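Colleague: The structure file protein-v7.txt (compact mmCIF, C-alpha atoms) is provided below.
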```txt
# COMPACT_ATOMS: atom_id res chain seq x y z
CA MET P 27 27.20 7.85 -32.53
CA SER P 28 25.66 5.85 -35.35
CA ARG P 29 23.83 2.64 -34.50
CA ARG P 30 25.11 1.12 -37.72
CA TYR P 31 28.90 0.62 -37.88
CA PRO P 32 29.44 2.18 -34.45
CA ASP P 33 32.78 3.27 -32.97
CA ALA P 34 31.88 1.60 -29.66
CA PRO P 35 29.16 -0.68 -28.29
CA ARG P 36 25.78 0.91 -27.60
CA VAL P 37 23.77 0.23 -24.45
CA GLY P 38 20.59 -1.68 -25.09
CA ILE P 39 17.85 -2.41 -22.57
CA GLY P 40 15.53 -5.40 -22.56
CA ILE P 41 12.66 -6.41 -20.32
CA VAL P 42 11.21 -9.81 -19.51
CA VAL P 43 7.53 -9.46 -18.55
CA LEU P 44 6.30 -12.63 -16.86
CA ARG P 45 2.61 -13.59 -16.81
CA GLY P 46 2.18 -17.04 -15.27
CA GLU P 47 3.91 -19.49 -17.60
CA ALA P 48 4.03 -16.97 -20.47
CA VAL P 49 6.47 -14.21 -21.35
CA LEU P 50 5.80 -11.17 -23.54
CA LEU P 51 7.56 -11.23 -26.91
CA VAL P 52 7.63 -8.61 -29.66
CA ARG P 53 8.32 -8.91 -33.39
CA ARG P 54 10.95 -6.43 -34.50
CA GLY P 55 9.91 -4.07 -37.29
CA GLN P 56 13.37 -2.63 -38.12
CA PRO P 57 16.98 -3.82 -38.55
CA PRO P 58 19.13 -5.31 -37.20
CA ALA P 59 16.59 -7.99 -36.27
CA GLN P 60 13.64 -7.06 -38.47
CA GLY P 61 10.97 -9.77 -38.40
CA ALA P 62 12.55 -11.61 -35.45
CA TRP P 63 10.76 -12.25 -32.17
CA SER P 64 12.54 -10.94 -29.08
CA LEU P 65 12.06 -9.36 -25.70
CA PRO P 66 10.76 -5.78 -25.67
CA GLY P 67 13.49 -3.17 -25.40
CA GLY P 68 15.73 -0.75 -27.20
CA GLY P 69 18.47 1.81 -26.78
CA GLN P 70 19.18 3.75 -23.63
CA GLU P 71 19.13 7.51 -24.13
CA LEU P 72 21.72 9.97 -22.82
CA GLY P 73 20.82 11.06 -19.29
CA GLU P 74 18.34 8.22 -18.82
CA THR P 75 18.79 5.57 -16.14
CA ALA P 76 18.75 1.95 -17.26
CA GLU P 77 15.54 1.30 -15.31
CA ALA P 78 13.83 4.35 -16.81
CA ALA P 79 14.88 3.15 -20.28
CA ALA P 80 13.34 -0.28 -19.60
CA ARG P 81 10.06 1.31 -18.55
CA ARG P 82 10.02 3.72 -21.52
CA GLU P 83 10.83 1.04 -24.08
CA LEU P 84 8.23 -1.35 -22.66
CA PHE P 85 5.56 1.35 -22.83
CA GLU P 86 6.56 2.52 -26.33
CA GLU P 87 6.64 -0.99 -27.76
CA THR P 88 3.70 -2.61 -25.93
CA GLY P 89 1.67 0.05 -24.10
CA LEU P 90 2.28 -1.75 -20.80
CA THR P 91 3.63 -0.48 -17.50
CA VAL P 92 5.00 -2.64 -14.68
CA GLY P 93 5.86 -2.34 -11.00
CA ALA P 94 9.11 -3.48 -9.45
CA LEU P 95 11.96 -4.33 -11.82
CA TRP P 96 14.98 -6.52 -11.15
CA LEU P 97 18.13 -6.99 -13.22
CA ALA P 98 17.97 -10.45 -14.79
CA GLY P 99 21.26 -10.44 -16.75
CA ALA P 100 23.31 -9.03 -19.60
CA VAL P 101 23.79 -10.05 -23.24
CA ASP P 102 26.16 -8.98 -26.01
CA SER P 103 24.50 -8.73 -29.43
CA ILE P 104 27.11 -8.34 -32.18
CA HIS P 105 26.12 -8.42 -35.86
CA ARG P 106 28.72 -8.52 -38.64
CA ASP P 107 28.21 -7.66 -42.29
CA ALA P 108 29.26 -9.87 -45.24
CA GLU P 109 32.82 -8.51 -45.02
CA GLY P 110 33.07 -9.31 -41.32
CA ARG P 111 32.88 -5.70 -40.12
CA ILE P 112 30.81 -5.00 -37.02
CA GLU P 113 27.57 -3.53 -38.32
CA TYR P 114 25.74 -3.44 -34.94
CA HIS P 115 27.02 -3.98 -31.40
CA TYR P 116 24.80 -3.74 -28.34
CA THR P 117 25.51 -4.64 -24.75
CA ILE P 118 22.01 -5.33 -23.46
CA LEU P 119 20.98 -5.05 -19.81
CA ASP P 120 17.87 -7.16 -19.31
CA PHE P 121 15.42 -6.35 -16.55
CA ALA P 122 12.43 -8.45 -15.49
CA ALA P 123 9.03 -7.72 -13.98
CA ASP P 124 5.76 -9.43 -13.25
CA TYR P 125 2.78 -8.56 -15.46
CA GLN P 126 0.31 -6.31 -13.66
CA GLY P 127 -2.48 -5.83 -16.18
CA GLY P 128 -3.44 -4.08 -19.37
CA GLU P 129 -3.64 -5.13 -22.99
CA ALA P 130 -0.33 -5.41 -24.86
CA ARG P 131 -0.36 -3.85 -28.33
CA PRO P 132 2.44 -3.24 -30.86
CA GLY P 133 3.93 0.24 -30.98
CA GLY P 134 7.16 2.02 -31.90
CA ASP P 135 9.34 -0.23 -34.03
CA VAL P 136 7.34 -3.38 -33.12
CA SER P 137 5.00 -5.04 -35.62
CA ALA P 138 3.37 -7.63 -33.30
CA VAL P 139 3.21 -8.77 -29.65
CA ALA P 140 2.49 -12.20 -28.18
CA TRP P 141 2.32 -13.94 -24.81
CA VAL P 142 4.36 -17.11 -25.30
CA ALA P 143 4.92 -20.16 -23.09
CA GLU P 144 8.37 -21.74 -23.00
CA ALA P 145 7.10 -24.80 -24.89
CA GLU P 146 6.33 -22.48 -27.84
CA PHE P 147 9.73 -20.72 -28.02
CA ASP P 148 10.90 -22.86 -30.97
CA ALA P 149 7.93 -21.71 -33.08
CA TYR P 150 9.06 -18.12 -32.50
CA GLU P 151 12.71 -18.95 -33.26
CA LEU P 152 13.65 -17.22 -30.02
CA TRP P 153 17.36 -16.43 -29.71
CA ALA P 154 19.27 -18.65 -27.27
CA GLU P 155 20.40 -15.63 -25.26
CA ALA P 156 16.80 -14.44 -24.83
CA ARG P 157 15.90 -17.92 -23.58
CA ARG P 158 18.81 -17.78 -21.12
CA ILE P 159 17.70 -14.39 -19.77
CA ILE P 160 14.08 -15.57 -19.44
CA ALA P 161 15.29 -18.59 -17.45
CA LEU P 162 17.31 -16.29 -15.16
CA ALA P 163 14.27 -14.04 -14.66
CA ARG P 164 12.09 -17.03 -13.74
CA ARG P 165 14.60 -18.19 -11.09
CA ARG P 166 14.12 -15.05 -9.01
```
Could you write out this file's structure as structure tokens?
Modeller:
Amino acid sequence: MSRRYPDAPRVGIGIVVLRGEAVLLVRRGQPPAQGAWSLPGGGQELGETAEAAARRELFEETGLTVGALWLAGAVDSIHRDAEGRIEYHYTILDFAADYQGGEARPGGDVSAVAWVAEAEFDAYELWAEARRIIALARRR
């Protein structure tokens, strides 16, 4: 199934990595959100569990590994083209984990990584749904 103009929603996986007051953000290097800051994550592959996808995407995009994961929440990301047709549609399962160590570095389709405190979210133009999921992850 094509990611662009799909016949059905695709499963996306995100991960909130918490380090004290900061959370790990990545800058997207490809559409549909090229240049935007977001949580690490990507598409789940056939035969892969959601948790395994979270771990794989985190490692591919940042070089980090984490211990225990918990499900923080779910988000629908629907992008329409100029004619109103659905160009991208992801249902994203967002996991969370505590930072355990290592140096984050951009990889895969990510052009930059940053540890960002909540007070700095506006400077990164962080999507409201990402903020909501981060708040849910912090409540655990």
Colleague: At what distance in Å, to one decimal, does CA of Val139 (chain P) lie from CA of Gln60 (chain P)?
Modeller: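 Calculated distance between CA of Gln60 (chain P) and CA of Val139 (chain P) is 13.8 Å.
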Colleague: Of the candidates P:Ala130, P:Val49, P:Ala34, P:Leu44, which one gets nearest to Phe147 (chain P) if we count all atoms listed in the file?
Modeller: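 Nearest to Phe147 (chain P): P:Val49.
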Colleague: May I ask which of the residues P:Arg54, P:His105, P:Arg81, P:Arg164 is the closest one to Ala138 (chain P), counting all atoms listed in the file?
Modeller: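 Among P:Arg54, P:His105, P:Arg81, P:Arg164, it is P:Arg54 that comes nearest to Ala138 (chain P).
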Colleague: Could you build a table of the residues in region 29-105 of chain P lying no more than 12 Å from region 112-115 of chain P, giving for each the nearest pair of atoms and their separation in Å rounded to one decimal place, using only C-alpha atoms, ordered by chain and ascending residue number, as JSON lines?
Modeller:
```
{"residue": "P:Arg29", "atom": "CA", "partner": "P:Tyr114", "partner_atom": "CA", "distance": 6.4}
{"residue": "P:Arg30", "atom": "CA", "partner": "P:Glu113", "partner_atom": "CA", "distance": 5.3}
{"residue": "P:Tyr31", "atom": "CA", "partner": "P:Glu113", "partner_atom": "CA", "distance": 4.4}
{"residue": "P:Pro32", "atom": "CA", "partner": "P:Tyr114", "partner_atom": "CA", "distance": 6.7}
{"residue": "P:Asp33", "atom": "CA", "partner": "P:His115", "partner_atom": "CA", "distance": 9.4}
{"residue": "P:Ala34", "atom": "CA", "partner": "P:His115", "partner_atom": "CA", "distance": 7.6}
{"residue": "P:Pro35", "atom": "CA", "partner": "P:His115", "partner_atom": "CA", "distance": 5.0}
{"residue": "P:Arg36", "atom": "CA", "partner": "P:His115", "partner_atom": "CA", "distance": 6.3}
{"residue": "P:Val37", "atom": "CA", "partner": "P:His115", "partner_atom": "CA", "distance": 8.8}
{"residue": "P:Gly38", "atom": "CA", "partner": "P:His115", "partner_atom": "CA", "distance": 9.3}
{"residue": "P:Pro57", "atom": "CA", "partner": "P:Tyr114", "partner_atom": "CA", "distance": 9.5}
{"residue": "P:Pro58", "atom": "CA", "partner": "P:Tyr114", "partner_atom": "CA", "distance": 7.2}
{"residue": "P:Ala59", "atom": "CA", "partner": "P:Tyr114", "partner_atom": "CA", "distance": 10.3}
{"residue": "P:Gly69", "atom": "CA", "partner": "P:His115", "partner_atom": "CA", "distance": 11.3}
{"residue": "P:Val101", "atom": "CA", "partner": "P:His115", "partner_atom": "CA", "distance": 10.7}
{"residue": "P:Asp102", "atom": "CA", "partner": "P:His115", "partner_atom": "CA", "distance": 7.4}
{"residue": "P:Ser103", "atom": "CA", "partner": "P:His115", "partner_atom": "CA", "distance": 5.7}
{"residue": "P:Ile104", "atom": "CA", "partner": "P:His115", "partner_atom": "CA", "distance": 4.4}
{"residue": "P:His105", "atom": "CA", "partner": "P:Tyr114", "partner_atom": "CA", "distance": 5.1}
```
Colleague: Hey, can you check how far CA of Trp96 (chain P) sits from CA of Gly68 (chain P)?
Modeller: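 Straight-line distance from CA of Trp96 (chain P) to CA of Gly68 (chain P) works out to 17.1 Å.
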Colleague: Rounded to one decimal in Å, what is the spacing between CA of Arg158 (chain P) and CA of Arg106 (chain P)?
Modeller: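 Interatomic distance here is 22.2 Å.
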